[in-house]
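Below is the file start10.txt, which contains compact mmCIF, C-alpha atoms.
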```
# COMPACT_ATOMS: atom_id res chain seq x y z
CA MET R 1 -11.87 -50.67 72.74
CA SER R 2 -15.24 -50.75 71.07
CA GLU R 3 -15.75 -51.56 67.42
CA GLN R 4 -14.81 -48.96 64.82
CA ARG R 5 -17.18 -48.01 62.05
CA THR R 6 -16.12 -48.56 58.43
CA LEU R 7 -17.27 -46.81 55.28
CA ALA R 8 -18.28 -50.13 53.71
CA GLU R 9 -20.54 -50.80 56.67
CA LEU R 10 -22.04 -47.31 56.54
CA GLU R 11 -22.67 -47.64 52.80
CA VAL R 12 -24.85 -50.70 53.38
CA VAL R 13 -26.65 -49.19 56.36
CA PHE R 14 -27.42 -45.86 54.70
CA ASN R 15 -28.79 -47.47 51.56
CA ALA R 16 -31.29 -49.41 53.67
CA ALA R 17 -32.14 -46.72 56.22
CA THR R 18 -35.25 -44.61 56.55
CA THR R 19 -35.22 -42.02 59.31
CA GLU R 20 -38.13 -41.23 61.59
CA SER R 21 -38.95 -38.23 59.43
CA GLY R 22 -38.97 -40.48 56.36
CA MET R 23 -35.60 -39.40 55.00
CA ARG R 24 -33.89 -41.89 52.69
CA PHE R 25 -30.35 -42.02 51.33
CA ALA R 26 -28.30 -43.23 48.39
CA ALA R 27 -24.77 -43.99 49.54
CA GLU R 28 -21.77 -44.72 47.35
CA ILE R 29 -18.08 -45.14 48.16
CA ILE R 30 -15.76 -43.02 46.06
CA ASP R 31 -12.31 -44.54 45.81
CA GLY R 32 -9.28 -42.35 46.26
CA ASP R 33 -7.08 -41.03 48.99
CA PRO R 34 -8.79 -40.91 51.38
CA GLN R 35 -11.78 -43.08 50.58
CA VAL R 36 -14.97 -41.04 50.82
CA LEU R 37 -18.57 -42.12 51.29
CA GLN R 38 -20.93 -39.92 49.33
CA ILE R 39 -24.44 -39.80 50.73
CA ILE R 40 -27.15 -38.30 48.58
CA VAL R 41 -30.14 -37.40 50.66
CA ASP R 42 -33.46 -38.11 49.05
CA ASP R 43 -34.85 -34.98 47.37
CA ARG R 44 -31.67 -32.98 48.06
CA GLU R 45 -29.20 -34.38 45.56
CA GLU R 46 -27.64 -30.90 45.14
CA PHE R 47 -26.14 -31.13 48.63
CA PRO R 48 -24.56 -34.51 49.31
CA VAL R 49 -22.93 -35.32 52.63
CA TYR R 50 -19.41 -36.75 52.51
CA ILE R 51 -18.03 -39.05 55.18
CA THR R 52 -14.46 -40.08 55.91
CA ILE R 53 -13.20 -42.20 58.77
CA ASP R 54 -9.74 -42.24 60.30
CA GLU R 55 -8.41 -43.42 63.65
CA SER R 56 -9.44 -40.21 65.37
CA GLN R 57 -12.89 -39.40 63.98
CA ILE R 58 -15.80 -39.93 61.65
CA LEU R 59 -16.00 -36.69 59.71
CA CYS R 60 -19.25 -35.71 57.97
CA VAL R 61 -18.96 -32.72 55.63
CA SER R 62 -21.48 -30.89 53.50
CA ASN R 63 -20.54 -28.06 51.16
CA LEU R 64 -22.33 -24.74 51.48
CA TRP R 65 -20.99 -22.11 49.10
CA ASN R 66 -17.73 -20.81 47.73
CA THR R 67 -16.21 -17.46 48.67
CA SER R 68 -16.72 -16.47 45.04
CA GLU R 69 -20.51 -16.72 45.52
CA ILE R 70 -20.58 -14.14 48.32
CA ILE R 71 -21.80 -10.65 47.43
CA ASP R 72 -18.93 -8.12 47.44
CA GLY R 73 -18.32 -6.43 50.76
CA ARG R 74 -20.44 -8.81 52.82
CA VAL R 75 -17.87 -11.46 53.73
CA ALA R 76 -16.91 -10.01 57.13
CA LYS R 77 -20.50 -9.69 58.31
CA MET R 78 -21.26 -13.19 57.08
CA ASN R 79 -18.26 -14.70 58.86
CA THR R 80 -19.22 -13.02 62.11
CA MET R 81 -22.75 -14.36 61.82
CA LEU R 82 -21.47 -17.85 61.09
CA LEU R 83 -19.25 -17.74 64.19
CA GLU R 84 -22.17 -16.52 66.26
CA LEU R 85 -24.27 -19.40 65.01
CA ASN R 86 -21.59 -22.03 65.58
CA LEU R 87 -22.57 -22.76 69.19
CA PRO R 88 -26.36 -22.71 69.00
CA ILE R 89 -26.62 -24.82 65.84
CA PRO R 90 -27.12 -28.47 66.81
CA LEU R 91 -24.35 -31.01 66.09
CA SER R 92 -22.74 -29.02 63.28
CA ALA R 93 -20.03 -26.40 62.93
CA PHE R 94 -18.97 -24.14 60.07
CA ALA R 95 -15.57 -24.13 58.42
CA ILE R 96 -13.75 -22.67 55.42
CA THR R 97 -11.34 -24.90 53.55
CA ARG R 98 -8.28 -23.89 51.57
CA GLY R 99 -10.12 -23.48 48.30
CA GLY R 100 -12.41 -20.89 49.90
CA GLN R 101 -15.18 -23.44 50.21
CA TYR R 102 -17.56 -22.85 53.11
CA THR R 103 -18.63 -26.12 54.67
CA ILE R 104 -20.74 -27.36 57.51
CA TYR R 105 -19.47 -30.44 59.28
CA GLY R 106 -19.89 -32.71 62.23
CA SER R 107 -17.25 -34.99 63.70
CA MET R 108 -17.88 -38.03 65.84
CA SER R 109 -16.02 -40.80 67.59
CA PRO R 110 -14.96 -43.61 65.20
CA SER R 111 -16.82 -46.05 67.44
CA SER R 112 -20.13 -44.16 67.36
CA ILE R 113 -23.22 -46.32 67.11
CA ILE R 114 -24.79 -46.47 63.65
CA ASP R 115 -28.00 -44.72 64.65
CA ASN R 116 -26.01 -41.71 65.78
CA VAL R 117 -24.20 -41.51 62.46
CA ILE R 118 -27.52 -41.55 60.62
CA TYR R 119 -28.88 -38.89 62.95
CA GLU R 120 -25.76 -36.81 62.36
CA VAL R 121 -26.15 -36.97 58.58
CA GLU R 122 -29.83 -36.16 58.79
CA THR R 123 -29.16 -33.15 61.01
CA LEU R 124 -26.27 -32.03 58.84
CA SER R 125 -28.42 -32.14 55.72
CA ASP R 126 -31.18 -30.15 57.45
CA ASN R 127 -28.63 -27.63 58.71
CA THR R 128 -27.16 -27.30 55.21
CA LEU R 129 -30.48 -26.24 53.70
CA SER R 130 -31.27 -23.96 56.66
CA ALA R 131 -27.87 -22.30 56.47
CA ILE R 132 -28.12 -21.58 52.74
CA ASP R 133 -31.65 -20.32 53.22
CA GLU R 134 -30.63 -18.05 56.10
CA PHE R 135 -27.58 -16.71 54.31
CA SER R 136 -29.08 -16.36 50.85
CA ASP R 137 -29.09 -12.56 51.24
CA PHE R 138 -25.30 -12.73 51.29
CA LEU R 139 -25.07 -14.85 48.16
CA GLN R 140 -25.12 -13.90 44.52
CA MET J 1 1.90 -22.23 77.48
CA SER J 2 1.39 -25.05 75.05
CA GLY J 3 2.18 -24.23 71.48
CA TRP J 4 0.22 -26.76 69.49
CA LEU J 5 -2.44 -24.35 68.26
CA ASN J 6 0.18 -21.83 67.25
CA LYS J 7 2.03 -24.50 65.26
CA LEU J 8 -1.17 -25.40 63.50
CA VAL J 9 -1.96 -21.79 62.62
CA THR J 10 1.52 -21.43 61.16
CA ALA J 11 1.12 -24.59 59.13
CA VAL J 12 -2.32 -23.62 57.83
CA ARG J 13 -1.18 -20.14 56.86
CA GLY J 14 2.07 -21.51 55.50
CA GLY J 15 0.79 -22.59 52.15
CA VAL J 16 -1.97 -20.82 50.35
CA ASN J 17 -3.24 -22.73 47.37
CA GLU J 18 -2.40 -21.30 44.01
CA ALA J 19 -5.38 -21.10 41.73
CA GLY J 20 -5.96 -24.20 39.67
CA GLU J 21 -3.23 -26.10 41.44
CA SER J 22 -4.10 -29.63 42.39
CA LEU J 23 -4.14 -29.86 46.14
CA ALA J 24 -2.19 -33.10 46.37
CA ASP J 25 0.81 -31.56 44.59
CA SER J 26 0.52 -28.16 46.18
CA GLN J 27 3.12 -26.43 48.28
CA ALA J 28 0.50 -26.26 51.02
CA MET J 29 0.24 -30.05 51.17
CA ARG J 30 4.01 -30.46 51.13
CA THR J 31 4.31 -28.01 54.02
CA LEU J 32 1.68 -29.90 55.96
CA ASP J 33 3.30 -33.26 55.22
CA GLN J 34 6.64 -31.90 56.44
CA GLU J 35 5.00 -30.55 59.61
CA ILE J 36 3.47 -33.96 60.22
CA ARG J 37 6.82 -35.72 59.82
CA ASP J 38 8.46 -33.22 62.21
CA ALA J 39 5.74 -33.68 64.79
CA GLU J 40 6.00 -37.46 64.48
CA ASN J 41 9.76 -37.34 65.03
CA GLU J 42 9.31 -35.05 68.01
CA LEU J 43 6.70 -37.39 69.42
CA ASN J 44 8.90 -40.46 68.98
CA GLU J 45 11.85 -38.73 70.61
CA ALA J 46 9.74 -37.60 73.52
CA LYS J 47 8.37 -41.10 73.95
CA SER J 48 11.76 -42.77 73.97
CA SER J 49 13.21 -40.22 76.38
CA LEU J 50 10.17 -40.74 78.58
CA THR J 51 10.99 -44.43 78.79
CA THR J 52 14.55 -43.66 79.92
CA VAL J 53 13.52 -41.03 82.45
CA VAL J 54 10.72 -43.16 83.86
CA ALA J 55 13.21 -46.03 84.35
CA GLU J 56 15.51 -43.66 86.22
CA GLN J 57 12.58 -42.34 88.22
CA VAL J 58 11.59 -45.84 89.27
CA ALA J 59 15.18 -46.59 90.31
CA ALA J 60 15.39 -43.37 92.36
CA GLU J 61 12.07 -44.15 93.97
CA ARG J 62 13.24 -47.62 94.95
CA LYS J 63 16.46 -46.20 96.41
CA VAL J 64 14.53 -43.63 98.45
CA LYS J 65 12.17 -46.28 99.78
CA GLU J 66 15.04 -48.58 100.73
CA LEU J 67 16.79 -45.76 102.57
CA GLN J 68 13.58 -44.75 104.35
CA LYS J 69 12.99 -48.33 105.42
CA SER J 70 16.56 -48.70 106.62
CA ILE J 71 16.31 -45.43 108.56
CA SER J 72 13.14 -46.45 110.39
CA GLU J 73 14.69 -49.84 111.19
CA HIS J 74 17.80 -48.22 112.61
CA GLU J 75 15.69 -45.79 114.60
CA ALA J 76 13.97 -48.77 116.20
CA TYR J 77 17.36 -50.40 116.95
CA THR J 78 18.60 -47.20 118.58
CA MET J 79 15.50 -47.08 120.82
CA GLN J 80 15.94 -50.72 121.79
CA ALA J 81 19.64 -50.17 122.63
CA LEU J 82 18.71 -47.14 124.74
CA GLU J 83 16.00 -49.11 126.57
CA LYS J 84 18.54 -51.79 127.40
CA GLY J 85 20.88 -49.11 128.69
CA ASN J 86 23.49 -49.86 126.05
CA ASP J 87 24.39 -46.26 125.28
CA GLN J 88 27.55 -47.18 123.47
CA LEU J 89 25.68 -49.33 120.91
CA ALA J 90 22.97 -46.69 120.61
CA GLY J 91 25.63 -44.14 119.70
CA GLU J 92 27.08 -46.42 117.03
CA ILE J 93 23.66 -47.04 115.49
CA ALA J 94 22.91 -43.32 115.57
CA GLU J 95 26.09 -42.73 113.61
CA LYS J 96 24.91 -45.18 110.97
CA LEU J 97 21.58 -43.33 110.99
CA ALA J 98 23.33 -40.06 110.24
CA THR J 99 25.04 -41.63 107.20
CA LEU J 100 21.73 -43.04 105.95
CA GLU J 101 19.98 -39.70 106.32
CA ALA J 102 22.83 -37.94 104.53
CA GLU J 103 22.31 -40.42 101.66
CA LEU J 104 18.55 -39.95 101.60
CA ALA J 105 18.49 -36.19 101.01
CA PRO J 106 20.24 -36.16 97.60
CA GLN J 107 18.30 -39.25 96.49
CA GLN J 108 15.06 -37.46 97.28
CA ALA J 109 16.23 -34.48 95.25
CA VAL J 110 17.02 -36.79 92.32
CA LEU J 111 13.56 -38.34 92.58
CA GLU J 112 11.86 -34.95 92.63
CA SER J 113 13.72 -33.73 89.58
CA HIS J 114 12.95 -36.94 87.68
CA THR J 115 9.29 -36.62 88.58
CA ALA J 116 9.29 -33.05 87.25
CA VAL J 117 11.00 -34.11 84.02
CA VAL J 118 8.52 -36.96 83.52
CA LYS J 119 5.66 -34.50 83.94
CA GLN J 120 7.22 -32.13 81.45
CA ILE J 121 7.82 -34.87 78.86
CA LYS J 122 4.25 -36.07 79.27
CA THR J 123 3.00 -32.54 78.58
CA THR J 124 5.19 -32.37 75.47
CA ILE J 125 3.83 -35.72 74.30
CA LYS J 126 0.27 -34.57 74.82
CA ASP J 127 0.90 -31.28 73.01
CA THR J 128 2.75 -32.87 70.13
CA GLY J 129 0.07 -35.53 69.88
CA ARG J 130 -2.54 -32.83 69.57
CA THR J 131 -0.56 -30.96 66.93
CA LEU J 132 -0.09 -34.16 65.01
CA GLN J 133 -3.78 -35.03 65.21
CA ALA J 134 -4.82 -31.56 64.16
CA LEU J 135 -2.39 -31.57 61.21
CA LYS J 136 -3.57 -34.98 60.10
CA THR J 137 -7.19 -33.85 60.33
CA GLU J 138 -6.34 -30.76 58.32
CA VAL J 139 -4.80 -32.90 55.57
CA ALA J 140 -7.73 -35.34 55.69
CA VAL J 141 -10.27 -32.52 55.45
CA GLU J 142 -8.50 -30.88 52.53
CA LYS J 143 -8.14 -34.15 50.66
CA THR J 144 -11.75 -35.07 51.41
CA GLN J 145 -12.77 -31.66 50.17
CA GLU J 146 -10.94 -32.19 46.91
CA GLN J 147 -12.58 -35.60 46.49
CA ALA J 148 -15.98 -34.22 47.43
CA HIS J 149 -15.58 -31.38 44.98
CA LYS J 150 -14.82 -33.77 42.13
CA ALA J 151 -17.71 -36.02 43.10
CA GLN J 152 -20.11 -33.13 43.40
CA LYS J 153 -19.14 -31.88 39.96
CA ALA J 154 -19.83 -35.30 38.52
CA LEU J 155 -23.10 -35.40 40.40
CA ALA J 156 -24.17 -31.99 39.12
CA SER J 157 -23.62 -33.03 35.54
CA ARG J 158 -25.44 -36.30 36.12
CA TYR J 159 -28.54 -34.59 37.47
CA SER J 160 -28.71 -31.36 35.56
CA GLY J 161 -27.37 -32.82 32.34
CA THR J 162 -24.86 -30.02 32.00
CA ASN J 163 -21.14 -30.14 32.11
CA SER J 164 -20.98 -26.71 33.59
CA ALA J 165 -19.15 -26.13 36.81
CA MET J 166 -21.17 -26.43 39.96
CA VAL J 167 -24.29 -24.36 40.21
CA GLY J 168 -24.24 -21.89 43.08
CA ALA J 169 -25.62 -22.81 46.48
CA LYS J 170 -28.48 -20.34 46.27
CA ALA J 171 -29.60 -21.57 42.84
CA SER J 172 -29.38 -25.17 44.02
CA LEU J 173 -31.55 -24.45 47.03
CA GLU J 174 -34.08 -22.68 44.81
CA ARG J 175 -34.16 -25.79 42.67
CA ILE J 176 -34.91 -27.98 45.68
CA LYS J 177 -37.65 -25.61 46.79
CA ALA J 178 -39.19 -25.54 43.32
CA ARG J 179 -39.13 -29.32 43.20
CA ARG J 180 -40.86 -29.52 46.56
CA GLN J 181 -43.51 -27.03 45.51
CA LYS J 182 -44.14 -29.08 42.39
CA GLU J 183 -44.50 -32.20 44.49
CA LYS J 184 -46.90 -30.37 46.81
CA ASP J 185 -48.95 -29.19 43.84
CA ARG J 186 -49.00 -32.66 42.41
CA MET J 187 -50.25 -34.08 45.69
CA LYS J 188 -52.89 -31.40 46.02
CA ALA J 189 -54.09 -32.13 42.50
CA ALA J 190 -54.27 -35.84 43.33
CA LEU J 191 -56.25 -35.03 46.47
CA ASP J 192 -58.66 -32.80 44.53
CA MET J 193 -59.22 -35.54 42.03
CA GLU J 194 -59.97 -37.99 44.80
CA LYS J 195 -62.48 -35.53 46.25
CA ASP J 196 -64.15 -35.21 42.88
CA GLU J 197 -64.44 -38.92 42.60
CA LYS J 198 -66.04 -39.12 46.00
CA GLY J 199 -68.59 -36.53 44.89
CA ASP J 200 -67.74 -33.92 47.49
CA ASP J 201 -67.81 -31.27 44.83
CA LEU J 202 -71.14 -32.46 43.42
CA GLN J 203 -72.74 -32.27 46.86
CA ALA J 204 -71.47 -28.74 47.30
CA LYS J 205 -72.77 -27.73 43.89
CA MET J 206 -76.22 -29.22 44.60
CA ARG J 207 -76.36 -27.45 47.95
CA GLU J 208 -75.47 -24.21 46.25
CA ALA J 209 -78.25 -24.71 43.75
CA GLY J 210 -80.72 -25.30 46.60
CA LEU J 211 -81.42 -28.82 45.46
CA ILE J 212 -80.44 -30.19 48.85
CA GLY J 213 -80.72 -28.52 52.22
CA SER J 214 -77.67 -27.00 53.79
CA SER J 215 -76.78 -27.81 57.35
CA PRO J 216 -78.61 -25.50 59.81
CA SER J 217 -76.74 -22.32 60.63
CA LYS J 218 -76.13 -20.88 64.09
CA ASN J 219 -78.59 -18.07 63.36
CA ALA J 220 -81.31 -20.42 62.25
CA ILE J 221 -81.03 -22.38 65.47
CA LEU J 222 -81.15 -19.24 67.61
CA GLU J 223 -84.19 -18.03 65.66
CA ARG J 224 -85.93 -21.36 66.20
CA LEU J 225 -85.23 -21.34 69.95
CA LYS J 226 -86.43 -17.73 70.28
CA ASN J 227 -89.70 -18.65 68.60
CA LYS J 228 -90.04 -21.61 70.93
CA SER J 229 -89.68 -19.45 74.06
CA LYS J 230 -92.39 -17.05 72.83
CA ILE J 231 -94.98 -19.75 72.84
```
Now that the file is in, can you turn its structure into structure tokens?
Amino acid sequence: MSEQRTLAELEVVFNAATTESGMRFAAEIIDGDPQVLQIIVDDREEFPVYITIDESQILCVSNLWNTSEIIDGRVAKMNTMLLELNLPIPLSAFAITRGGQYTIYGSMSPSSIIDNVIYEVETLSDNTLSAIDEFSDFLQ
Amino acid sequence: MSGWLNKLVTAVRGGVNEAGESLADSQAMRTLDQEIRDAENELNEAKSSLTTVVAEQVAAERKVKELQKSISEHEAYTMQALEKGNDQLAGEIAEKLATLEAELAPQQAVLESHTAVVKQIKTTIKDTGRTLQALKTEVAVEKTQEQAHKAQKALASRYSGTNSAMVGAKASLERIKARRQKEKDRMKAALDMEKDEKGDDLQAKMREAGLIGSSPSKNAILERLKNKSKI
């Protein structure tokens, strides 16, 4: 079995990393259950990416909007569009959590190589901004 | 049909969060935790029964193989007896063969049924494993979400200096865009200043005033060439 990634390791790596497109990160572990790595992407501090690791996956989540922010009567259309976009959008998928929070996430093998995790976060952050931009007509 | 997805749907629908209720204490989380414990028990039971059934399967398999080997040996003995013309012995061996074959049939049936049961238990284990994994992921996602929400709130107040609840997604994106535009403007201003320092603007102004010649235009060149050809 190959080596598993840890949040402590990712914290160090992300704080030192610069992507090809010049993206930089500020990573910080937030203690709790479960432990979460918060990654603030340079210039986009409003939309951090959160990472957790368990035995089955590395989960990268970014929050989009809450159900309460959606313009009345447009939820159904929005949900359909999100489902339609789920396949074509690279590396990420949309989800709604219990609190009515819309999220975009990517999950990877716990033994993924570091570069792939960085690429995942970069893509997720890009997708977050694109998604909000594309769906802003649905939001208050 | 495997029921793991159905179980998950039931679990997810089972507890809807009450407003303002902390997730960790919520009925939803308790339902999920219970589902996880049930699935774990089911998985453990399936695993231990698999061990028993597999042991029985191996035993049945060995028995079948022994019988098959014994049958082929006795077949060979019968042939040899017949070749030597000892019909009496051949008849006795054939009788033994009949007993062996009568033993083999039920043993084969036992083996087949054990093989089927093993397959079924393995499917259950796979299904339950999936349910368990999905439930655990669901709990992890919800807990992560709660953590992320808290952290994001703290972050929002750190950056915007307000203690207000999170700003909406649209407003946040607008803020990022505005910041980028500002940065662009700043860079353009810096570039303009650099140009000024290099005197690009001065040159342009002097050219405009006719103090220095402008670079020849396309028309001027054509005119000059036309004049040339007339000569």
Quick one: which residues from chain R are at most 9 Å off chain J, using all atoms listed in the file, as a PyMOL selection string?
-> chain R and resi 30-36+38+43-52+54+56-57+59+61-66+69+97-99+101+129+132-133+135-136+139-140
Please measure the separation of atom CA of Tyr77 of chain J and atom CA of Gln108 of chain J, giving the value in Å to one decimal.
->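 Rounded to one decimal, the two atoms are 23.7 Å apart.
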Protein/DNA/RNA residues near (-16.1, -23.6, 62.8), cut 8 Å, only C-alpha atoms, as a ChimeraX atom specification = /R:83,86,93-96,104
Work out how far atom CA of Glu83 of chain J is from atom CA of Glu95 of chain J, in Å to one decimal.
->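 Atom CA of Glu83 of chain J lies at a distance of 17.6 Å from atom CA of Glu95 of chain J.
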Which residue out of J:Ile71, J:Ala178, J:Met206, J:Ile36 has the minimum interatomic distance to Leu104 of chain J when only C-alpha atoms are used?
->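 Closest candidate: J:Ile71.
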Here atom CA of Leu10 of chain R and atom CA of Glu120 of chain R stand apart by 12.6 Å
